[in-house]
Amino acid sequence: MLSLLIWMPVLGAVLLTVWPSKLSAVRLRQIAFIIMAVVLGWTAVVGYAFTSSDASLQLREELPWLEGLGLSYRLSVDGLSFPLLVLNSLLTWLALHATEAKIQRPRLYYALILLLNAAVSGAFVAENLLLFFLFYELELIPLYLLISIWGGPRRGYAATKFLIYTAVSGVLLLGAFLGITWLGGMASFDYQPLLTQTIPVVQQCWLLGALLIGFGIKIPLVPFHTWLPDAHVEAGTPVSMLLAGVLLKLGTYGLIRYGMVLLPQGWETLAPWLATWAVITTLYGALMAIAQTDMKRMVAFSSIAHMGYILLACAAATPLSLLGAIFQMVSHGLISALLFALVGVVYQKTGTRNIEVLRGLLNPERGLPIIGSMMVLGVMASAGIPGMVGFISEFLVFRGSFPIFPLQTLLSIIGTGLTAVYFLLLVNRVFFGRLSPQVTDLPPVTWGDRFPGLILTGLIVLFGLQPAWMLNWSQATTTVLAAPLIRQPLITQATPVISPSSPL
Amino acid sequence: MDFANLASQLNAGAILPEGIVIITLLVVLIADLIVGRAADRWTPYVAIAGLLAAVGALYLGWNRLETVSFLGSFNSDNLSLVFRGIIALATVVTILMSIRYVEQTGSDLGEYLTILLSATLGAMFLSGSEELVMIFISLETLSIASYLMTGYMKRDLRSNEAALKYLLIGAASSAIFLYGSSLLYGLSGGSTSLAGIAAGIANSSQSLGVLISLVFVIAGISFKISAVPFHQWTPDVYEGAPTPVVAFLSVASKAAGFALAVRFMTIAFPSVSDQWQFIFTALAILSMILGNVVAIAQTSMKRMLAYSSIGQAGFVMIGFVIGTESGYASMLFYLLIYLFMNLGAFTCIILFSLRTGTDQISDYAGLYQKDPLLTLALSICLLSLGGIPPLAGFFGKLYLFWAGWQAGAYGLVILGLLTSVVSIYYYIRVVKMMVVKEPQEMSETIKNYPALSWKPFGMRPLQVGLILTLITTSLAGILSNPLFNLVNASVADVPLFEAAVPIRPAAPVSLQVPATPLSAVVPQSAPQAQTLNVNLRS
């Protein structure tokens, strides 16, 4: 069942590449839409089969693969990965909508987007450390090519920077995974048996250090973040949507699943430092965002700031804060994708993203009123105004983390204030006031341009008003995930503990 | 000694595959003499058929009961079978890519094939030799044939220069190797068989003499596998020599070198295993760093692949130095996969240079528009060499690093991981050149790219080679279980590692962890590689 989520896009990509007859860009786009719509529909089917009250890994599939290496094809999903899976399918589908109809080299483009989707889905459902690593690395080349072929003027630089950072992150992860398995005394990289490992705390801290830097590059955490603004500025709109919306979540997802859960004692030891690190990331990202003049760069830095909240919540590791972390992943995915989509439309219509040039785009006659309104709404959501997902997630994060790390939480709340500052600057300059003379005669905005934004806006408000619909998916899981870390060690673990498989 | 006894002592069936190669060689040679140029139409296929038959014979020899033949000078155990298979297959692919190349340069195909088959023969014998004279003769057969092939483009100055360089350095290294062997002969009290040497030097008090001969022998072997600092000849020879020859040298000749290294070190030098592991660890570290770092700066495709092959040899040496069973298995596995991906890359380069006459990396700019198949194949092979999943190279590296980590060679593995990041950078530079460049950034060469045609003589085999390596490189990783079992079986049944692996009392079943402090993750200090020769079978 989960396999189809990986293999349908892969097959689609292959189909798009090898289809013999000549297809126009528009036709290829339609085919890609259909494939992704099917995938999205299948995600819904998975959601139907998914039991939200069950905290364990479910819908499991397994096939032996390279037993000698400890690599097996095991897939499963739980309350942590399922929301991200939905996010991935949804955002890929919307990113296809946000793609220009007459894009250059459409075959390769759509094939790569589909491959990217498959790799990310695979990473979310993998239940074997090596399999996760395989998918994690698999996403590298498609994204590299997506940035370096369809990017802006300095795309070569940005793409190479992304490649090197991510490759280093992959190496660190592999090292840490080898270490976890080896020190945990396991013959295979399967996830479940590793839950019972007993690695001494000092070694856990070392392994966790490697994982933190590896995933920290991906999330990204300051000071490993410098690839992200470049990549965002140079990448096209749909790629930015996917990058911010889904790919960064691989980092936080991995940190929770492989860092926090597998190395609980080490995590507990390092948690105060992590919380401080989260604060630094948040404040640094927010302050940098204020100084930007390029809208996309600003949103990218705001992304970094918002990922800091997730780290804070993970460091606190109470059931509530973890719930907040998952919710923040989804809400950040929706909001940043919305912002990037809208900035993309503005750039497409006006030809610039410079805050100092643009003025008064909210003008109902000659501006971009609907785009502007959605932008205002997205910005409010990002700043955590009640009634939208941003508020719920940030509130959960802060409420959950406060009892553990009061100081760091309070400092992070300053970050929320700063979010309002830079986004108000942005909205004030770009959308309010008199329409600037440089940007008259804008081409008309079609409903096709607005479509991704409208869907995302709808979801942001919907889940802002009815968060329980999404929280239900994860509630059971977060309780279990946090269990080994709660400061009362007597709470038993609810996941079925499988005895270590027979050694090699 | 009666005849039956003699026949069983000779056990000539063990070299049936080599016999087939010799017959093929003779057929090609005689056909070329009698029929002349007209024979060029079919001799390559005879050669390929012969080599495939030899591979078939190797397959039949699997799990042979009596492996030692010719009074102990040749051992046809499963390990040698896999190495010989790698060499024969590499030659097959090399022939596929050579036909058009040799034809286009106007040289004689029959002679070329004869020399190539002689080199193959030498390399195959080298993989199973267990006696000094046999080893040296095989080594020289391989080497002299290689020098000849390197200078095969008689009218090309670069080719001549490369041949001369290769000959001089090669002869010197052979002499050093021979000197080391002669020392061993004396130290062991007059034994030429490797096992006899091991027994002889175990009791001798001349430990300095043993070490000197060890160093000399390693120097000779390192020349063949072009490990740093014995790599100086590689870039020049690779650049000047005909490309198919380079492909052969980078795979078959290297595989033979590794086969020799494994056999020589494990059988003859178990008593100084710490020392040779230390030396090879140093060689591996230097090769990985220098090969991968210098490759970044290259502008010529062949030179880049030369340095990359040095780096790749460094990765393979990880599997060798750790000295565990899975280490040897991973080394074989990597060589098998390396065969296809590296030869695939060379096939692409040959095709490109046949069509355009250049091998500058910058000339590849924008290739995707003119030749999608070539772009795809070269991208896949290079990415696989860089270790990108789900291609074959990823699994090969994973297995090497996994085995290395298991044996406790943390420093080596971490260095390998880091240098493979470097390697991704320079491999992807070529991919970027081909795929990313826009039409207006296309190089002059690509603008004048000739129309695709597979019609001329020799292009079909090239195409077959291209598709074959492309498919294998893409799928061999995902479906690697059979290969995996093959290499594991080939090292599992071989008794020779008993001697090499110091029997340690610990490690009851496989992966039980020695309580290694994690501080061992700090960069490799040499002894760590030696400490953890966990015997997985005990």
# chains A, B, ... in the order shown; residues from 1 in each chain; ligands from 1
$ interface_residues --of "chain A" --to "chain B" --cutoff "8 Å" --atoms "only C-alpha atoms" --output "list in words"
Trp65, Leu66, Gly68, Leu69, Leu134, Phe135, Glu137, Leu138, Leu145, Ser148, Ile149, Ile164, Ala167, Val168, Val171, Gly175, Leu178, Trp182, Leu183, Gly185, Met186, Ala187, Gln203, Trp206, Pro503 and Leu504 of chain A
$ select_by_dssp --residues "segment 38-94 of chain A" --states "alpha helix (DSSP H)" --output "number ranges by chain"
A: 38-49, 81-94
$ closest_residue --among "A:Met470, A:Ala32, A:Leu442, A:Met288" --to "Leu112 of chain A" --atoms "only C-alpha atoms"
A:Ala32
$ select_by_dssp --residues "segment 56-181 of chain A" --states "strand (DSSP E)" --output "ChimeraX atom specification"
/A:58-66,71-77
$ closest_residue --among "B:Leu249, B:Ser76, B:Ile95, B:Leu121" --to "Tyr147 of chain B" --atoms "only C-alpha atoms"
B:Leu249
$ residues_around --residues "segment 262-276 of chain A" --least-positions-apart "2" --cutoff "8 Å" --atoms "only C-alpha atoms" --output "PyMOL selection string"
chain A and resi 194-195+197+199+201-205+208+257-260+278-280+311-312+315-316+405+408+484-485
$ residues_around --residues "Phe451 of chain A" --least-positions-apart "6" --cutoff "9 Å" --atoms "only C-alpha atoms" --output "PyMOL selection string"
chain A and resi 94+97-98
$ atom_distance --atom1 "atom CA of Gly85 of chain B" --atom2 "atom CA of Ser490 of chain B"
11.9 Å
$ atom_distance --atom1 "atom CA of Ser453 of chain B" --atom2 "atom CA of Glu239 of chain B"
26.8 Å
$ residues_around --residues "Phe398 of chain A" --least-positions-apart "4" --cutoff "8 Å" --atoms "only C-alpha atoms" --output "list in words"
Ala313, Ser321, Glu394, Phe402, Thr409 and Ile413 of chain A
$ residues_around --residues "segment 112-120 of chain B" --least-positions-apart "5" --cutoff "6 Å" --atoms "only C-alpha atoms" --output "PDB file with C-alpha atoms, in the first residue's frame"
ATOM      1  CA  LEU B  25      44.334 -16.042 -29.099  1.00  0.00           C
ATOM      2  CA  LEU B 142      50.454  -8.689 -18.375  1.00  0.00           C
ATOM      3  CA  ALA B 145      51.374  -6.692 -23.301  1.00  0.00           C
TER       4      ALA B 145
END
$ atom_distance --atom1 "atom CA of Gly170 of chain B" --atom2 "atom CA of Phe320 of chain B"
23.3 Å
$ residues_around --residues "Leu81 of chain B" --least-positions-apart "4" --cutoff "9 Å" --atoms "only C-alpha atoms" --output "ChimeraX atom specification"
/B:55,58-59,61-62,76-77,85-86,124,127-128,490
$ decode --residues "segment 51-65 of chain A" --atoms "all heavy atoms" --output "mmCIF file, in the first residue's frame"
data_model
loop_
_atom_site.group_PDB
_atom_site.id
_atom_site.type_symbol
_atom_site.label_atom_id
_atom_site.label_comp_id
_atom_site.auth_asym_id
_atom_site.auth_seq_id
_atom_site.Cartn_x
_atom_site.Cartn_y
_atom_site.Cartn_z
ATOM 1 N N THR A 51 -4.999 4.070 11.126
ATOM 2 C CA THR A 51 -5.758 4.146 12.369
ATOM 3 C C THR A 51 -5.093 5.174 13.277
ATOM 4 O O THR A 51 -3.979 4.945 13.738
ATOM 5 C CB THR A 51 -5.752 2.791 13.087
ATOM 6 O OG1 THR A 51 -5.733 1.774 12.093
ATOM 7 C CG2 THR A 51 -6.933 2.645 13.987
ATOM 8 N N SER A 52 -5.766 6.264 13.514
ATOM 9 C CA SER A 52 -5.066 7.337 14.216
ATOM 10 C C SER A 52 -4.911 7.039 15.712
ATOM 11 O O SER A 52 -4.047 7.589 16.366
ATOM 12 C CB SER A 52 -5.787 8.660 14.017
ATOM 13 O OG SER A 52 -7.129 8.515 14.380
ATOM 14 N N SER A 53 -5.738 6.144 16.233
ATOM 15 C CA SER A 53 -5.620 5.868 17.658
ATOM 16 C C SER A 53 -4.491 4.890 17.964
ATOM 17 O O SER A 53 -4.107 4.709 19.108
ATOM 18 C CB SER A 53 -6.937 5.288 18.176
ATOM 19 O OG SER A 53 -7.257 4.155 17.408
ATOM 20 N N ASP A 54 -3.957 4.296 16.899
ATOM 21 C CA ASP A 54 -2.905 3.311 17.094
ATOM 22 C C ASP A 54 -1.549 4.007 17.021
ATOM 23 O O ASP A 54 -1.203 4.624 16.018
ATOM 24 C CB ASP A 54 -3.020 2.256 15.977
ATOM 25 C CG ASP A 54 -2.013 1.145 16.156
ATOM 26 O OD1 ASP A 54 -1.214 1.226 17.107
ATOM 27 O OD2 ASP A 54 -2.030 0.219 15.333
ATOM 28 N N ALA A 55 -0.787 3.926 18.093
ATOM 29 C CA ALA A 55 0.464 4.680 18.140
ATOM 30 C C ALA A 55 1.601 3.961 17.441
ATOM 31 O O ALA A 55 2.629 4.559 17.159
ATOM 32 C CB ALA A 55 0.845 4.940 19.583
ATOM 33 N N SER A 56 1.442 2.694 17.173
ATOM 34 C CA SER A 56 2.578 1.948 16.636
ATOM 35 C C SER A 56 2.737 2.220 15.141
ATOM 36 O O SER A 56 1.925 2.872 14.525
ATOM 37 C CB SER A 56 2.367 0.462 16.869
ATOM 38 O OG SER A 56 1.205 0.067 16.188
ATOM 39 N N LEU A 57 3.804 1.679 14.583
ATOM 40 C CA LEU A 57 4.020 1.779 13.158
ATOM 41 C C LEU A 57 3.044 0.851 12.467
ATOM 42 O O LEU A 57 2.952 -0.326 12.812
ATOM 43 C CB LEU A 57 5.461 1.375 12.822
ATOM 44 C CG LEU A 57 6.520 2.320 13.382
ATOM 45 C CD1 LEU A 57 7.876 1.668 13.371
ATOM 46 C CD2 LEU A 57 6.546 3.601 12.593
ATOM 47 N N GLN A 58 2.302 1.360 11.516
ATOM 48 C CA GLN A 58 1.263 0.533 10.912
ATOM 49 C C GLN A 58 1.365 0.506 9.397
ATOM 50 O O GLN A 58 2.230 1.141 8.821
ATOM 51 C CB GLN A 58 -0.107 1.043 11.352
ATOM 52 C CG GLN A 58 -0.185 2.537 11.419
ATOM 53 C CD GLN A 58 -1.487 2.984 12.011
ATOM 54 O OE1 GLN A 58 -2.533 2.563 11.556
ATOM 55 N NE2 GLN A 58 -1.451 3.830 13.020
ATOM 56 N N LEU A 59 0.438 -0.267 8.808
ATOM 57 C CA LEU A 59 0.429 -0.506 7.359
ATOM 58 C C LEU A 59 1.788 -1.008 6.894
ATOM 59 O O LEU A 59 2.341 -0.555 5.911
ATOM 60 C CB LEU A 59 0.075 0.782 6.596
ATOM 61 C CG LEU A 59 -1.224 1.463 6.954
ATOM 62 C CD1 LEU A 59 -1.376 2.699 6.128
ATOM 63 C CD2 LEU A 59 -2.387 0.526 6.712
ATOM 64 N N ARG A 60 2.341 -1.918 7.668
ATOM 65 C CA ARG A 60 3.724 -2.299 7.397
ATOM 66 C C ARG A 60 3.850 -3.192 6.182
ATOM 67 O O ARG A 60 2.973 -3.979 5.884
ATOM 68 C CB ARG A 60 4.305 -3.011 8.617
ATOM 69 C CG ARG A 60 4.192 -2.159 9.829
ATOM 70 C CD ARG A 60 4.689 -2.848 11.030
ATOM 71 N NE ARG A 60 6.123 -3.059 10.926
ATOM 72 C CZ ARG A 60 6.852 -3.469 11.943
ATOM 73 N NH1 ARG A 60 6.283 -3.722 13.091
ATOM 74 N NH2 ARG A 60 8.127 -3.633 11.806
ATOM 75 N N GLU A 61 4.959 -3.026 5.511
ATOM 76 C CA GLU A 61 5.289 -3.885 4.379
ATOM 77 C C GLU A 61 6.723 -4.292 4.553
ATOM 78 O O GLU A 61 7.532 -3.492 4.996
ATOM 79 C CB GLU A 61 5.204 -3.096 3.069
ATOM 80 C CG GLU A 61 3.821 -2.810 2.618
ATOM 81 C CD GLU A 61 3.832 -1.919 1.393
ATOM 82 O OE1 GLU A 61 4.786 -1.996 0.618
ATOM 83 O OE2 GLU A 61 2.884 -1.156 1.246
ATOM 84 N N GLU A 62 7.028 -5.507 4.232
ATOM 85 C CA GLU A 62 8.433 -5.833 4.261
ATOM 86 C C GLU A 62 8.823 -6.869 3.229
ATOM 87 O O GLU A 62 8.059 -7.765 2.897
ATOM 88 C CB GLU A 62 8.885 -6.267 5.651
ATOM 89 C CG GLU A 62 8.196 -7.492 6.169
ATOM 90 C CD GLU A 62 8.782 -7.844 7.526
ATOM 91 O OE1 GLU A 62 9.897 -8.384 7.575
ATOM 92 O OE2 GLU A 62 8.099 -7.538 8.510
ATOM 93 N N LEU A 63 9.993 -6.637 2.691
ATOM 94 C CA LEU A 63 10.571 -7.541 1.712
ATOM 95 C C LEU A 63 12.043 -7.648 2.072
ATOM 96 O O LEU A 63 12.659 -6.646 2.400
ATOM 97 C CB LEU A 63 10.491 -6.916 0.319
ATOM 98 C CG LEU A 63 9.266 -7.155 -0.537
ATOM 99 C CD1 LEU A 63 9.419 -6.408 -1.838
ATOM 100 C CD2 LEU A 63 9.086 -8.630 -0.803
ATOM 101 N N PRO A 64 12.599 -8.838 2.055
ATOM 102 C CA PRO A 64 14.046 -8.904 2.259
ATOM 103 C C PRO A 64 14.744 -8.276 1.066
ATOM 104 O O PRO A 64 14.268 -8.383 -0.057
ATOM 105 C CB PRO A 64 14.330 -10.403 2.342
ATOM 106 C CG PRO A 64 13.188 -11.051 1.671
ATOM 107 C CD PRO A 64 12.007 -10.148 1.824
ATOM 108 N N TRP A 65 15.851 -7.599 1.336
ATOM 109 C CA TRP A 65 16.577 -7.019 0.201
ATOM 110 C C TRP A 65 18.027 -7.473 0.274
ATOM 111 O O TRP A 65 18.349 -8.548 -0.201
ATOM 112 C CB TRP A 65 16.429 -5.490 0.197
ATOM 113 C CG TRP A 65 16.868 -4.846 -1.064
ATOM 114 C CD1 TRP A 65 17.373 -5.471 -2.159
ATOM 115 C CD2 TRP A 65 16.840 -3.455 -1.377
ATOM 116 N NE1 TRP A 65 17.662 -4.546 -3.139
ATOM 117 C CE2 TRP A 65 17.343 -3.313 -2.691
ATOM 118 C CE3 TRP A 65 16.431 -2.306 -0.700
ATOM 119 C CZ2 TRP A 65 17.467 -2.081 -3.315
ATOM 120 C CZ3 TRP A 65 16.548 -1.090 -1.320
ATOM 121 C CH2 TRP A 65 17.043 -0.974 -2.618
#
